[in-house]
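Pasted below: target07.csv, CSV, C-alpha atoms.
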```
chain,number,residue,atom,x,y,z
A,24,MET,CA,-6.7,16.1,47.8
A,25,LYS,CA,-7.1,12.5,46.8
A,26,LEU,CA,-6.6,11.4,43.2
A,27,THR,CA,-10.2,10.0,43.0
A,28,TYR,CA,-11.6,13.3,44.2
A,29,SER,CA,-9.5,15.1,41.7
A,30,VAL,CA,-10.9,13.0,38.9
A,31,GLU,CA,-14.5,13.5,40.1
A,32,LEU,CA,-13.9,17.3,40.4
A,33,ALA,CA,-12.3,17.4,36.9
A,34,MET,CA,-15.3,15.6,35.4
A,35,MET,CA,-17.7,17.9,37.2
A,36,ASN,CA,-15.9,21.0,35.9
A,37,LEU,CA,-15.9,19.7,32.3
A,38,ALA,CA,-19.6,18.8,32.6
A,39,ARG,CA,-20.4,22.3,33.8
A,40,SER,CA,-19.1,23.9,30.6
A,41,ARG,CA,-20.6,21.4,28.1
A,42,LEU,CA,-20.5,23.5,25.0
A,43,ARG,CA,-16.9,24.6,25.4
A,44,THR,CA,-15.9,21.0,26.3
A,45,TRP,CA,-17.5,19.5,23.2
A,46,LEU,CA,-16.1,22.1,20.9
A,47,THR,CA,-12.6,21.4,22.3
A,48,ILE,CA,-13.1,17.6,22.0
A,49,ILE,CA,-14.2,17.9,18.3
A,50,GLY,CA,-10.8,19.2,17.3
A,51,ILE,CA,-9.2,16.0,18.8
A,52,VAL,CA,-11.9,13.8,17.2
A,53,ILE,CA,-11.2,15.1,13.8
A,54,GLY,CA,-7.4,14.7,14.2
A,55,VAL,CA,-7.6,11.2,15.6
A,56,ALA,CA,-10.1,10.0,13.0
A,57,ALA,CA,-8.0,11.5,10.2
A,58,VAL,CA,-4.8,10.0,11.4
A,59,LEU,CA,-6.4,6.6,12.0
A,60,MET,CA,-8.0,6.4,8.5
A,61,ILE,CA,-4.8,7.5,6.7
A,62,LEU,CA,-2.6,5.1,8.6
A,63,SER,CA,-5.1,2.3,8.0
A,64,LEU,CA,-5.3,3.3,4.3
A,65,GLY,CA,-1.5,3.2,4.1
A,66,SER,CA,-1.3,-0.2,5.8
A,67,ALA,CA,-4.0,-1.5,3.3
A,68,LEU,CA,-2.0,0.0,0.4
A,69,GLN,CA,1.2,-1.7,1.5
A,70,GLN,CA,-0.6,-5.1,1.9
A,71,ASN,CA,-2.2,-4.7,-1.6
A,72,VAL,CA,1.2,-4.0,-3.1
A,73,GLN,CA,2.8,-6.9,-1.3
A,74,ASN,CA,0.0,-9.2,-2.6
A,75,SER,CA,0.3,-7.8,-6.1
A,76,LEU,CA,4.0,-8.6,-6.2
A,77,SER,CA,3.9,-11.8,-4.2
A,78,GLY,CA,3.1,-13.8,-7.3
A,79,LEU,CA,6.4,-12.9,-8.8
A,80,GLY,CA,8.4,-14.5,-6.1
A,81,ALA,CA,11.4,-13.0,-4.2
A,82,ASN,CA,13.8,-15.3,-6.1
A,83,LEU,CA,12.7,-14.0,-9.6
A,84,ILE,CA,15.1,-12.1,-11.9
A,85,THR,CA,13.7,-10.3,-14.9
A,86,ILE,CA,15.7,-9.5,-18.1
A,87,SER,CA,13.9,-7.0,-20.3
A,88,PRO,CA,14.9,-5.1,-23.5
A,89,GLY,CA,16.1,-1.5,-23.1
A,90,PHE,CA,18.3,0.0,-20.4
A,91,SER,CA,17.1,2.6,-17.9
A,92,ARG,CA,19.8,5.1,-17.3
A,93,ALA,CA,18.0,6.8,-14.4
A,94,GLY,CA,18.0,3.8,-12.3
A,95,GLY,CA,14.3,3.1,-12.6
A,96,PHE,CA,12.6,-0.3,-12.5
A,97,GLY,CA,13.2,-0.7,-16.2
A,98,GLY,CA,11.6,-3.0,-18.7
A,99,SER,CA,8.0,-4.1,-18.1
A,100,PHE,CA,8.0,-2.5,-14.7
A,101,GLY,CA,8.2,1.1,-15.9
A,102,GLY,CA,11.4,2.7,-17.1
A,103,GLY,CA,13.5,5.5,-15.9
A,104,ALA,CA,13.9,9.0,-17.3
A,105,GLN,CA,16.1,7.9,-20.2
A,106,THR,CA,16.1,4.5,-21.9
A,107,THR,CA,18.1,3.1,-24.8
A,108,ASN,CA,16.4,1.6,-27.8
A,109,ALA,CA,14.9,-1.8,-26.9
A,110,GLN,CA,16.2,-4.8,-28.9
A,111,ASN,CA,14.2,-8.0,-28.4
A,112,LEU,CA,15.9,-10.8,-26.5
A,113,THR,CA,16.8,-14.0,-28.2
A,114,THR,CA,17.2,-17.7,-27.5
A,115,ASN,CA,20.9,-17.2,-27.2
A,116,ASP,CA,20.3,-14.8,-24.4
A,117,LEU,CA,18.1,-17.4,-22.7
A,118,GLU,CA,20.9,-19.9,-23.0
A,119,GLN,CA,23.4,-17.5,-21.6
A,120,VAL,CA,21.2,-16.8,-18.6
A,121,SER,CA,20.7,-20.5,-17.9
A,122,LEU,CA,24.5,-20.9,-17.8
A,123,VAL,CA,25.0,-18.4,-14.9
A,124,SER,CA,25.7,-20.1,-11.6
A,125,ASN,CA,22.9,-20.0,-9.0
A,126,ILE,CA,20.2,-19.8,-11.8
A,127,ASN,CA,17.8,-22.7,-11.2
A,128,GLU,CA,15.4,-22.2,-14.1
A,129,THR,CA,14.7,-19.9,-17.0
A,130,MET,CA,11.8,-19.0,-19.3
A,131,GLY,CA,11.3,-16.7,-22.2
A,132,VAL,CA,8.0,-14.9,-22.8
A,133,VAL,CA,6.6,-13.1,-25.9
A,134,SER,CA,4.2,-10.4,-25.0
A,135,GLY,CA,2.3,-7.6,-26.6
A,136,ARG,CA,-1.2,-6.2,-27.3
A,137,VAL,CA,-3.7,-7.4,-29.9
A,138,THR,CA,-7.3,-6.8,-30.9
A,139,MET,CA,-9.6,-9.3,-29.5
A,140,ILE,CA,-13.0,-10.0,-31.1
A,141,TYR,CA,-15.8,-12.0,-29.4
A,142,ARG,CA,-19.1,-12.1,-31.3
A,143,ASP,CA,-19.8,-8.5,-32.3
A,144,GLU,CA,-17.5,-6.8,-29.7
A,145,ASN,CA,-13.8,-6.0,-29.8
A,146,THR,CA,-11.3,-4.6,-27.4
A,147,SER,CA,-7.5,-4.4,-27.0
A,148,VAL,CA,-6.0,-7.0,-24.7
A,149,GLY,CA,-2.5,-8.1,-23.6
A,150,ILE,CA,-1.3,-11.5,-24.6
A,151,LYS,CA,1.6,-13.6,-23.3
A,152,GLY,CA,3.3,-16.3,-25.3
A,153,ILE,CA,4.5,-18.8,-22.7
A,154,ASP,CA,6.0,-22.2,-22.2
A,155,PRO,CA,3.1,-24.2,-20.7
A,156,ASN,CA,5.6,-26.6,-19.0
A,157,LYS,CA,7.2,-23.8,-16.9
A,158,TYR,CA,4.8,-20.8,-16.6
A,159,LEU,CA,2.9,-21.9,-13.5
A,160,ASP,CA,6.2,-22.6,-11.7
A,161,PHE,CA,7.2,-19.0,-12.2
A,162,PHE,CA,3.8,-17.3,-11.5
A,163,THR,CA,2.3,-19.1,-8.5
A,164,SER,CA,-0.6,-16.5,-8.3
A,165,ASP,CA,-2.1,-17.9,-11.5
A,166,SER,CA,-4.4,-20.9,-11.0
A,167,MET,CA,-7.1,-22.4,-13.1
A,168,GLY,CA,-10.7,-21.5,-12.4
A,169,SER,CA,-12.2,-23.7,-15.0
A,170,GLY,CA,-11.1,-25.7,-18.0
A,171,ARG,CA,-7.5,-26.8,-18.5
A,172,PHE,CA,-4.1,-25.1,-18.9
A,173,LEU,CA,-2.2,-25.0,-22.2
A,174,THR,CA,0.0,-27.8,-23.4
A,175,SER,CA,3.0,-27.7,-25.7
A,176,SER,CA,0.9,-29.1,-28.6
A,177,ASP,CA,-1.7,-26.3,-28.4
A,178,SER,CA,-1.3,-24.1,-31.5
A,179,TYR,CA,-4.5,-22.1,-31.6
A,180,SER,CA,-5.8,-22.5,-28.0
A,181,ALA,CA,-5.9,-19.8,-25.3
A,182,VAL,CA,-6.3,-19.5,-21.6
A,183,ILE,CA,-8.0,-16.2,-20.7
A,184,GLY,CA,-8.0,-14.1,-17.5
A,185,TYR,CA,-10.9,-13.9,-15.2
A,186,ASN,CA,-11.7,-10.2,-16.1
A,187,ILE,CA,-11.7,-11.0,-19.9
A,188,ALA,CA,-14.0,-14.0,-19.4
A,189,TYR,CA,-16.5,-12.3,-17.1
A,190,GLN,CA,-16.2,-8.5,-17.3
A,191,TYR,CA,-14.8,-7.3,-20.7
A,192,PHE,CA,-17.8,-8.2,-22.8
A,193,LYS,CA,-21.6,-8.1,-22.5
A,194,THR,CA,-21.8,-11.9,-22.4
A,195,GLN,CA,-19.5,-14.2,-20.5
A,196,ILE,CA,-17.0,-16.3,-22.5
A,197,PRO,CA,-17.5,-20.0,-21.7
A,198,ILE,CA,-15.0,-22.8,-22.2
A,199,GLY,CA,-14.9,-23.9,-25.8
A,200,SER,CA,-15.8,-20.5,-27.3
A,201,THR,CA,-13.9,-19.1,-30.3
A,202,ILE,CA,-12.3,-15.7,-30.0
A,203,GLN,CA,-10.3,-13.9,-32.6
A,204,LEU,CA,-6.9,-12.3,-31.9
A,205,ASN,CA,-5.8,-10.0,-34.7
A,206,ASN,CA,-8.4,-11.8,-36.8
A,207,ILE,CA,-7.0,-15.3,-36.1
A,208,PRO,CA,-9.4,-17.7,-34.4
A,209,PHE,CA,-8.4,-19.3,-31.0
A,210,THR,CA,-10.3,-21.7,-28.9
A,211,VAL,CA,-10.7,-20.9,-25.2
A,212,VAL,CA,-9.6,-24.0,-23.3
A,213,GLY,CA,-9.3,-22.5,-19.8
A,214,ILE,CA,-10.1,-19.6,-17.6
A,215,LEU,CA,-7.8,-18.4,-14.9
A,216,ALA,CA,-9.1,-18.0,-11.3
A,217,GLN,CA,-9.5,-14.5,-10.2
A,218,SER,CA,-6.3,-13.4,-8.5
A,219,GLY,CA,-7.9,-10.6,-6.5
A,220,THR,CA,-4.6,-9.0,-5.8
A,221,GLY,CA,-3.4,-7.6,-9.1
A,222,GLY,CA,-0.5,-10.0,-9.2
A,223,GLY,CA,-2.2,-12.5,-11.6
A,224,ASP,CA,-3.2,-12.4,-15.2
A,225,ASP,CA,-6.9,-11.4,-14.7
A,226,SER,CA,-6.7,-9.1,-17.8
A,227,SER,CA,-4.3,-11.2,-20.0
A,228,ILE,CA,-4.6,-14.0,-22.5
A,229,LEU,CA,-2.1,-16.8,-22.4
A,230,ILE,CA,-1.1,-18.7,-25.6
A,231,THR,CA,1.9,-20.7,-26.6
A,232,THR,CA,5.1,-19.0,-27.6
A,233,SER,CA,5.0,-20.0,-31.2
A,234,SER,CA,1.4,-18.7,-31.6
A,235,ALA,CA,2.4,-15.3,-30.0
A,236,ARG,CA,5.3,-14.9,-32.3
A,237,ASN,CA,3.0,-15.4,-35.3
A,238,LEU,CA,0.5,-12.9,-34.0
A,239,LEU,CA,3.1,-10.2,-33.0
A,240,ASN,CA,5.4,-10.8,-36.0
A,241,PHE,CA,8.3,-11.9,-33.8
A,242,GLN,CA,11.2,-13.9,-35.3
A,243,GLN,CA,11.3,-17.5,-34.1
A,244,ASN,CA,14.3,-16.9,-31.8
A,245,GLN,CA,13.0,-13.7,-30.1
A,246,PHE,CA,11.5,-13.0,-26.7
A,247,SER,CA,10.0,-9.9,-25.1
A,248,ILE,CA,11.2,-10.8,-21.7
A,249,ILE,CA,13.2,-13.5,-19.9
A,250,TYR,CA,12.6,-14.7,-16.4
A,251,ALA,CA,15.1,-16.6,-14.2
A,252,TYR,CA,14.8,-18.2,-10.8
A,253,VAL,CA,17.6,-17.8,-8.3
A,254,GLN,CA,18.4,-20.9,-6.3
A,255,ASP,CA,20.1,-19.2,-3.3
A,256,LEU,CA,18.5,-15.9,-2.4
A,257,THR,CA,21.4,-14.8,-0.3
A,258,LEU,CA,23.5,-14.6,-3.5
A,259,LEU,CA,20.9,-12.6,-5.4
A,260,ASN,CA,23.0,-9.4,-5.9
A,261,THR,CA,26.0,-11.4,-7.0
A,262,THR,CA,23.9,-13.5,-9.4
A,263,GLN,CA,22.4,-10.3,-10.8
A,264,THR,CA,25.9,-8.9,-11.5
A,265,LEU,CA,27.2,-12.1,-13.0
A,266,LEU,CA,24.2,-12.3,-15.3
A,267,THR,CA,24.5,-8.7,-16.4
A,268,ASN,CA,28.2,-9.1,-17.3
A,269,ARG,CA,27.6,-12.4,-19.1
A,270,LEU,CA,24.8,-10.8,-21.3
A,271,ILE,CA,27.0,-7.7,-22.0
A,272,ASN,CA,29.7,-10.0,-23.3
A,273,SER,CA,27.4,-12.3,-25.3
A,274,ARG,CA,25.5,-9.4,-26.9
A,275,HIS,CA,28.8,-7.5,-27.6
A,276,ASP,CA,27.6,-4.5,-25.5
A,277,THR,CA,29.5,-2.3,-23.2
A,278,GLN,CA,28.5,-0.6,-20.0
A,279,ASN,CA,27.8,2.6,-22.0
A,280,ASN,CA,25.5,1.0,-24.6
A,281,GLN,CA,23.9,-1.7,-22.7
A,282,ASP,CA,20.5,-2.4,-24.3
A,283,PHE,CA,18.8,-4.6,-21.6
A,284,THR,CA,17.8,-4.3,-18.0
A,285,VAL,CA,18.3,-6.9,-15.3
A,286,THR,CA,15.9,-6.5,-12.3
A,287,ALA,CA,15.3,-8.5,-9.2
A,288,SER,CA,11.7,-8.8,-7.9
A,289,GLN,CA,12.9,-8.5,-4.4
A,290,SER,CA,14.5,-5.1,-5.1
A,291,ILE,CA,11.2,-4.0,-6.8
A,292,GLN,CA,9.2,-5.0,-3.8
A,293,GLN,CA,11.6,-3.2,-1.4
A,294,ARG,CA,11.4,0.0,-3.5
A,295,VAL,CA,7.6,0.0,-3.9
A,296,GLN,CA,7.2,-0.8,-0.2
A,297,SER,CA,9.6,2.1,0.7
A,298,VAL,CA,7.6,4.5,-1.6
A,299,THR,CA,4.2,3.5,-0.2
A,300,SER,CA,5.5,3.7,3.4
A,301,GLY,CA,6.8,7.2,2.7
A,302,VAL,CA,3.6,8.3,1.1
A,303,ALA,CA,1.5,6.9,4.0
A,304,LEU,CA,3.8,8.6,6.6
A,305,PHE,CA,3.6,11.9,4.7
A,306,LEU,CA,-0.2,11.8,4.6
A,307,ALA,CA,-0.3,10.9,8.3
A,308,LEU,CA,1.9,13.9,9.2
A,309,ILE,CA,-0.5,16.1,7.2
A,310,ALA,CA,-3.4,14.6,9.1
A,311,ALA,CA,-1.5,15.1,12.4
A,312,ILE,CA,-1.8,18.9,11.8
A,313,SER,CA,-5.4,18.6,12.8
A,314,LEU,CA,-4.3,16.9,16.0
A,315,LEU,CA,-2.0,19.9,16.7
A,316,VAL,CA,-4.9,22.3,16.1
A,317,GLY,CA,-6.9,20.2,18.6
A,318,ALA,CA,-4.1,20.4,21.1
A,319,ILE,CA,-4.0,24.2,20.8
A,320,GLY,CA,-7.7,24.2,21.4
A,321,ILE,CA,-7.2,22.2,24.6
A,322,SER,CA,-4.5,24.6,25.8
A,323,ASN,CA,-6.8,27.6,25.0
A,324,THR,CA,-9.6,26.0,26.9
A,325,MET,CA,-7.5,25.2,29.9
A,326,PHE,CA,-6.0,28.8,30.1
A,327,MET,CA,-9.5,30.2,30.1
A,328,THR,CA,-10.5,27.7,32.7
A,329,VAL,CA,-7.6,28.8,34.9
A,330,LEU,CA,-8.7,32.4,34.6
A,331,GLU,CA,-12.3,31.6,35.4
A,332,ARG,CA,-11.4,29.5,38.4
A,333,THR,CA,-8.7,31.7,39.9
A,334,ARG,CA,-10.8,32.4,43.1
A,335,GLN,CA,-11.6,28.7,43.4
A,336,ILE,CA,-7.8,27.9,43.1
A,337,GLY,CA,-7.2,30.4,45.9
A,338,ILE,CA,-9.8,28.7,48.1
A,339,TYR,CA,-8.2,25.2,47.5
A,340,LYS,CA,-4.8,26.6,48.4
A,341,ALA,CA,-6.2,28.3,51.5
A,342,LEU,CA,-7.6,25.0,52.6
A,343,GLY,CA,-4.2,23.3,52.2
A,344,ALA,CA,-4.1,22.0,48.6
A,345,SER,CA,-0.5,21.8,47.4
A,346,SER,CA,0.7,23.3,44.1
A,347,TRP,CA,1.1,19.7,42.7
A,348,GLU,CA,-2.5,18.9,43.6
A,349,ILE,CA,-3.7,22.0,41.8
A,350,SER,CA,-1.6,21.2,38.8
A,351,ARG,CA,-2.7,17.6,38.8
A,352,LEU,CA,-6.4,18.7,38.8
A,353,PHE,CA,-5.9,20.7,35.5
A,354,LEU,CA,-3.7,18.0,34.0
A,355,ILE,CA,-6.5,15.5,34.6
A,356,GLU,CA,-9.1,17.8,33.0
A,357,SER,CA,-6.9,18.2,29.8
A,358,SER,CA,-6.1,14.5,29.7
A,359,LEU,CA,-9.8,13.7,29.9
A,360,LEU,CA,-10.4,16.0,27.0
A,361,GLY,CA,-7.8,14.2,25.0
A,362,LEU,CA,-9.0,10.8,26.0
A,363,SER,CA,-12.6,11.6,25.2
A,364,GLY,CA,-11.6,13.0,21.8
A,365,GLY,CA,-9.5,9.8,21.2
A,366,ILE,CA,-12.4,7.4,22.0
A,367,ILE,CA,-14.9,9.3,19.8
A,368,GLY,CA,-12.3,9.6,17.0
A,369,ILE,CA,-11.7,5.9,17.1
A,370,ILE,CA,-15.5,5.2,17.0
A,371,VAL,CA,-15.8,7.6,14.0
A,372,SER,CA,-12.9,5.9,12.1
A,373,ILE,CA,-14.3,2.4,12.7
A,374,LEU,CA,-17.8,3.5,11.6
A,375,LEU,CA,-16.3,5.1,8.4
A,376,SER,CA,-14.3,2.0,7.5
A,377,SER,CA,-17.3,-0.3,8.3
A,378,SER,CA,-19.5,1.9,6.2
A,379,LEU,CA,-17.2,1.7,3.2
A,380,SER,CA,-17.1,-2.1,3.5
A,381,LEU,CA,-20.9,-2.4,3.9
A,382,LEU,CA,-21.5,-0.1,0.9
A,383,GLY,CA,-19.1,-2.1,-1.2
A,384,VAL,CA,-16.9,0.9,-1.7
A,385,SER,CA,-13.2,0.2,-2.6
A,386,ILE,CA,-10.2,2.1,-3.8
A,387,SER,CA,-9.1,0.6,-7.1
A,388,LEU,CA,-5.5,0.3,-8.1
A,389,GLY,CA,-6.1,0.1,-11.8
A,390,PRO,CA,-7.7,-2.4,-14.1
A,391,ARG,CA,-5.8,-5.3,-12.7
A,392,GLY,CA,-5.8,-4.3,-9.1
A,393,GLY,CA,-8.2,-5.3,-6.4
A,394,GLY,CA,-9.8,-2.9,-4.0
A,395,LEU,CA,-8.3,-1.8,-0.7
A,396,ALA,CA,-10.0,-3.2,2.3
A,397,VAL,CA,-9.5,-0.4,4.9
A,398,SER,CA,-9.8,-1.6,8.5
A,399,VAL,CA,-8.6,-0.1,11.8
A,400,SER,CA,-6.3,-2.5,13.7
A,401,TYR,CA,-6.2,-3.0,17.5
A,402,THR,CA,-2.7,-1.7,17.5
A,403,LEU,CA,-3.8,1.6,15.9
A,404,ILE,CA,-6.7,1.8,18.4
A,405,ILE,CA,-4.4,1.5,21.4
A,406,PHE,CA,-1.9,3.9,19.8
A,407,ALA,CA,-4.7,6.5,19.2
A,408,LEU,CA,-5.9,6.2,22.8
A,409,ILE,CA,-2.5,6.7,24.3
A,410,PHE,CA,-1.5,9.4,21.9
A,411,SER,CA,-4.6,11.5,22.3
A,412,THR,CA,-4.4,11.3,26.1
A,413,VAL,CA,-0.7,12.3,26.0
A,414,ILE,CA,-1.6,15.2,23.6
A,415,GLY,CA,-4.3,16.3,26.0
A,416,ALA,CA,-1.9,16.2,29.0
A,417,ALA,CA,0.8,18.0,27.1
A,418,ALA,CA,-1.6,20.7,26.0
A,419,GLY,CA,-2.7,21.2,29.6
A,420,TYR,CA,0.8,21.3,31.1
A,421,PHE,CA,1.4,25.1,30.9
A,422,PRO,CA,-2.1,26.1,32.0
A,423,SER,CA,-1.8,23.7,35.0
A,424,ARG,CA,1.6,25.1,35.8
A,425,GLN,CA,0.2,28.6,35.7
A,426,ALA,CA,-2.6,27.5,38.1
A,427,SER,CA,-0.2,25.9,40.5
A,428,LYS,CA,1.9,29.1,40.8
A,429,LEU,CA,-1.0,31.4,41.7
A,430,ASN,CA,-0.6,33.2,45.0
A,431,PRO,CA,-3.5,32.2,47.2
A,432,VAL,CA,-4.0,35.7,48.6
A,433,GLU,CA,-4.0,37.3,45.1
A,434,ALA,CA,-6.2,34.5,43.8
A,435,LEU,CA,-8.9,35.1,46.5
A,436,ARG,CA,-8.9,38.8,45.6
A,437,TYR,CA,-9.4,38.0,41.8
A,438,GLU,CA,-12.7,39.3,40.3
```
Is it possible to give me this structure as structure tokens?
Amino acid sequence: MKLTYSVELAMMNLARSRLRTWLTIIGIVIGVAAVLMILSLGSALQQNVQNSLSGLGANLITISPGFSRAGGFGGSFGGGAQTTNAQNLTTNDLEQVSLVSNINETMGVVSGRVTMIYRDENTSVGIKGIDPNKYLDFFTSDSMGSGRFLTSSDSYSAVIGYNIAYQYFKTQIPIGSTIQLNNIPFTVVGILAQSGTGGGDDSSILITTSSARNLLNFQQNQFSIIYAYVQDLTLLNTTQTLLTNRLINSRHDTQNNQDFTVTASQSIQQRVQSVTSGVALFLALIAAISLLVGAIGISNTMFMTVLERTRQIGIYKALGASSWEISRLFLIESSLLGLSGGIIGIIVSILLSSSLSLLGVSISLGPRGGGLAVSVSYTLIIFALIFSTVIGAAAGYFPSRQASKLNPVEALRYE
């Protein structure tokens, strides 16, 4: 029995039982579509997180008040289970950080939340008191959309994020407008371009360090957070250790009562990527259960097919068909079921992702995050085709083996 004839015969047999064939294929369709959508969502989530953290730079080290004893991210990135009382950082800490070898540049930031009033509306916003001469070197994701950036001589001027300018209030806030922060008037001199990734300051207001200290009642030598750039990334861990020890000594702390946290952006990115990868894999495994159910459906269908075609198998064997040719016939049928389900599942997942894009539907990652653009990659499409075909062949293995072992005489007598 030639291979081409076996394929034709398998297709004819599947077409003869259309309803059962389609019901079997649906199980594979659901499984493939579910796995593809979840894997695509996981890939989009990882890309979104990478974009959100890319503005920080891999070479960035963050020193923040409070120490996480549970090994969490600490400071402004979310603490662990237990954190010491936070004491604000000082200009002396900034000087100590700058003296550590391999530290290229440092910057202190004063941050907090204030009440913003524009016309007759008010809301709570986050502000950052920054050094205008250094800030854009540290946060490359921020760029000006309109107006100008702050200068060192700006006392009551502000650069506002894209969302604050265009989304927070009923009317847009143009350049030159006056806003009130904790009832103190500031002039808007610039608007940041929309970051679109969550890594920028779309929902923040930038003012000078001195102005932020006055608003937040900070002492003139205090900071909320200190950023440092590492010159040689290969020495990141060593630099982090040296910096920690130097601050412990200068602040007269010990390992047991350390009241600050030193975090490297690279380690944060690695941890977050690891978490998102784990979540995506876990969800994909759950979705793969539907593929397993589909495979069981194929096996069930093929076992029934073997029973129904027992006499036909006997005729083939009587005419000289070998056990391998009989087995191959049923393997081709089950593989076609898997392949058909894979193709339709891919089409369904592409249509779903395209529909979400056309309808403008996105999955938000919070007030500062952009949407997730879910799309099915060519790699996933090829993987789905191969995997669904293999699943079909594997599901049909035992039924095909059973068919190949039938005794031709007994098969011809089967009613």
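Counting all atoms listed in the file and comparing A:Phe305, A:Tyr252, A:Phe406, A:Tyr141, the residue that lies closest to A:Gln195 is A:Tyr141.
One distance worth recording is that between atom CA of A:Tyr401 and atom CA of A:Ile366, which is 12.9 Å.
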Self-check item: All residues 12 Å or closer to A:Ala235, only C-alpha atoms, same chain fewer than 6 positions away omitted, as an MDAnalysis selection string
Solution: chainID A and resid 131:137 149:154 177:181 204:205 207 209 228:229 241:243 245:247
Output of the above residues as a PDB file, keeping the file's coordinate frame, restricted to C-alpha atoms:
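File written: out19.pdb
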```pdb
ATOM      1  CA  GLY A 131      11.300 -16.700 -22.200  1.00  0.00           C
ATOM      2  CA  VAL A 132       8.000 -14.900 -22.800  1.00  0.00           C
ATOM      3  CA  VAL A 133       6.600 -13.100 -25.900  1.00  0.00           C
ATOM      4  CA  SER A 134       4.200 -10.400 -25.000  1.00  0.00           C
ATOM      5  CA  GLY A 135       2.300  -7.600 -26.600  1.00  0.00           C
ATOM      6  CA  ARG A 136      -1.200  -6.200 -27.300  1.00  0.00           C
ATOM      7  CA  VAL A 137      -3.700  -7.400 -29.900  1.00  0.00           C
ATOM      8  CA  GLY A 149      -2.500  -8.100 -23.600  1.00  0.00           C
ATOM      9  CA  ILE A 150      -1.300 -11.500 -24.600  1.00  0.00           C
ATOM     10  CA  LYS A 151       1.600 -13.600 -23.300  1.00  0.00           C
ATOM     11  CA  GLY A 152       3.300 -16.300 -25.300  1.00  0.00           C
ATOM     12  CA  ILE A 153       4.500 -18.800 -22.700  1.00  0.00           C
ATOM     13  CA  ASP A 154       6.000 -22.200 -22.200  1.00  0.00           C
ATOM     14  CA  ASP A 177      -1.700 -26.300 -28.400  1.00  0.00           C
ATOM     15  CA  SER A 178      -1.300 -24.100 -31.500  1.00  0.00           C
ATOM     16  CA  TYR A 179      -4.500 -22.100 -31.600  1.00  0.00           C
ATOM     17  CA  SER A 180      -5.800 -22.500 -28.000  1.00  0.00           C
ATOM     18  CA  ALA A 181      -5.900 -19.800 -25.300  1.00  0.00           C
ATOM     19  CA  LEU A 204      -6.900 -12.300 -31.900  1.00  0.00           C
ATOM     20  CA  ASN A 205      -5.800 -10.000 -34.700  1.00  0.00           C
ATOM     21  CA  ILE A 207      -7.000 -15.300 -36.100  1.00  0.00           C
ATOM     22  CA  PHE A 209      -8.400 -19.300 -31.000  1.00  0.00           C
ATOM     23  CA  ILE A 228      -4.600 -14.000 -22.500  1.00  0.00           C
ATOM     24  CA  LEU A 229      -2.100 -16.800 -22.400  1.00  0.00           C
ATOM     25  CA  PHE A 241       8.300 -11.900 -33.800  1.00  0.00           C
ATOM     26  CA  GLN A 242      11.200 -13.900 -35.300  1.00  0.00           C
ATOM     27  CA  GLN A 243      11.300 -17.500 -34.100  1.00  0.00           C
ATOM     28  CA  GLN A 245      13.000 -13.700 -30.100  1.00  0.00           C
ATOM     29  CA  PHE A 246      11.500 -13.000 -26.700  1.00  0.00           C
ATOM     30  CA  SER A 247      10.000  -9.900 -25.100  1.00  0.00           C
TER      31      SER A 247
END
```
Quiz item: Looking at A:Ile187, A:Leu159, A:Leu259, A:Val211, which one is nearest to A:Leu83, with distances taken over only C-alpha atoms?
Solution: A:Leu259
Provide an axis-aligned box for all listed atoms of stretch 165-184 of chain A, padding each side by 3 Å; report its centre and its edge lengths in Å to one decimal, as lines of an AutoDock Vina configuration file.
```
center_x = -4.6
center_y = -21.6
center_z = -21.3
size_x = 21.2
size_y = 21.0
size_z = 26.6
```
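Atom pair atom CA of A:Ser400 / atom CA of A:Ser297: separated by 21.0 Å.
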Quiz item: Near A:Arg351, within 9 Å and counting all atoms listed in the file, which residues show up once chain neighbours fewer than 6 positions away are dropped, as a PyMOL selection string?
Solution: chain A and resi 26+29+423+427
Limited to C-alpha atoms, could you put the picked residues into a file as a PDB file, in the coordinates of the input?
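Okay, result25.pdb is ready:
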```
ATOM      1  CA  LEU A  26      -6.600  11.400  43.200  1.00  0.00           C
ATOM      2  CA  SER A  29      -9.500  15.100  41.700  1.00  0.00           C
ATOM      3  CA  SER A 423      -1.800  23.700  35.000  1.00  0.00           C
ATOM      4  CA  SER A 427      -0.200  25.900  40.500  1.00  0.00           C
TER       5      SER A 427
END
```
Quiz prompt | Selection near stretch 110-115 of chain A, 12 Å with all atoms listed in the file, sequence-local residues under 3 positions removed, as a PyMOL selection string | solution = chain A and resi 85-90+98+106-107+118-122+129-134+236+240-250+269-270+273-274+276+280-284
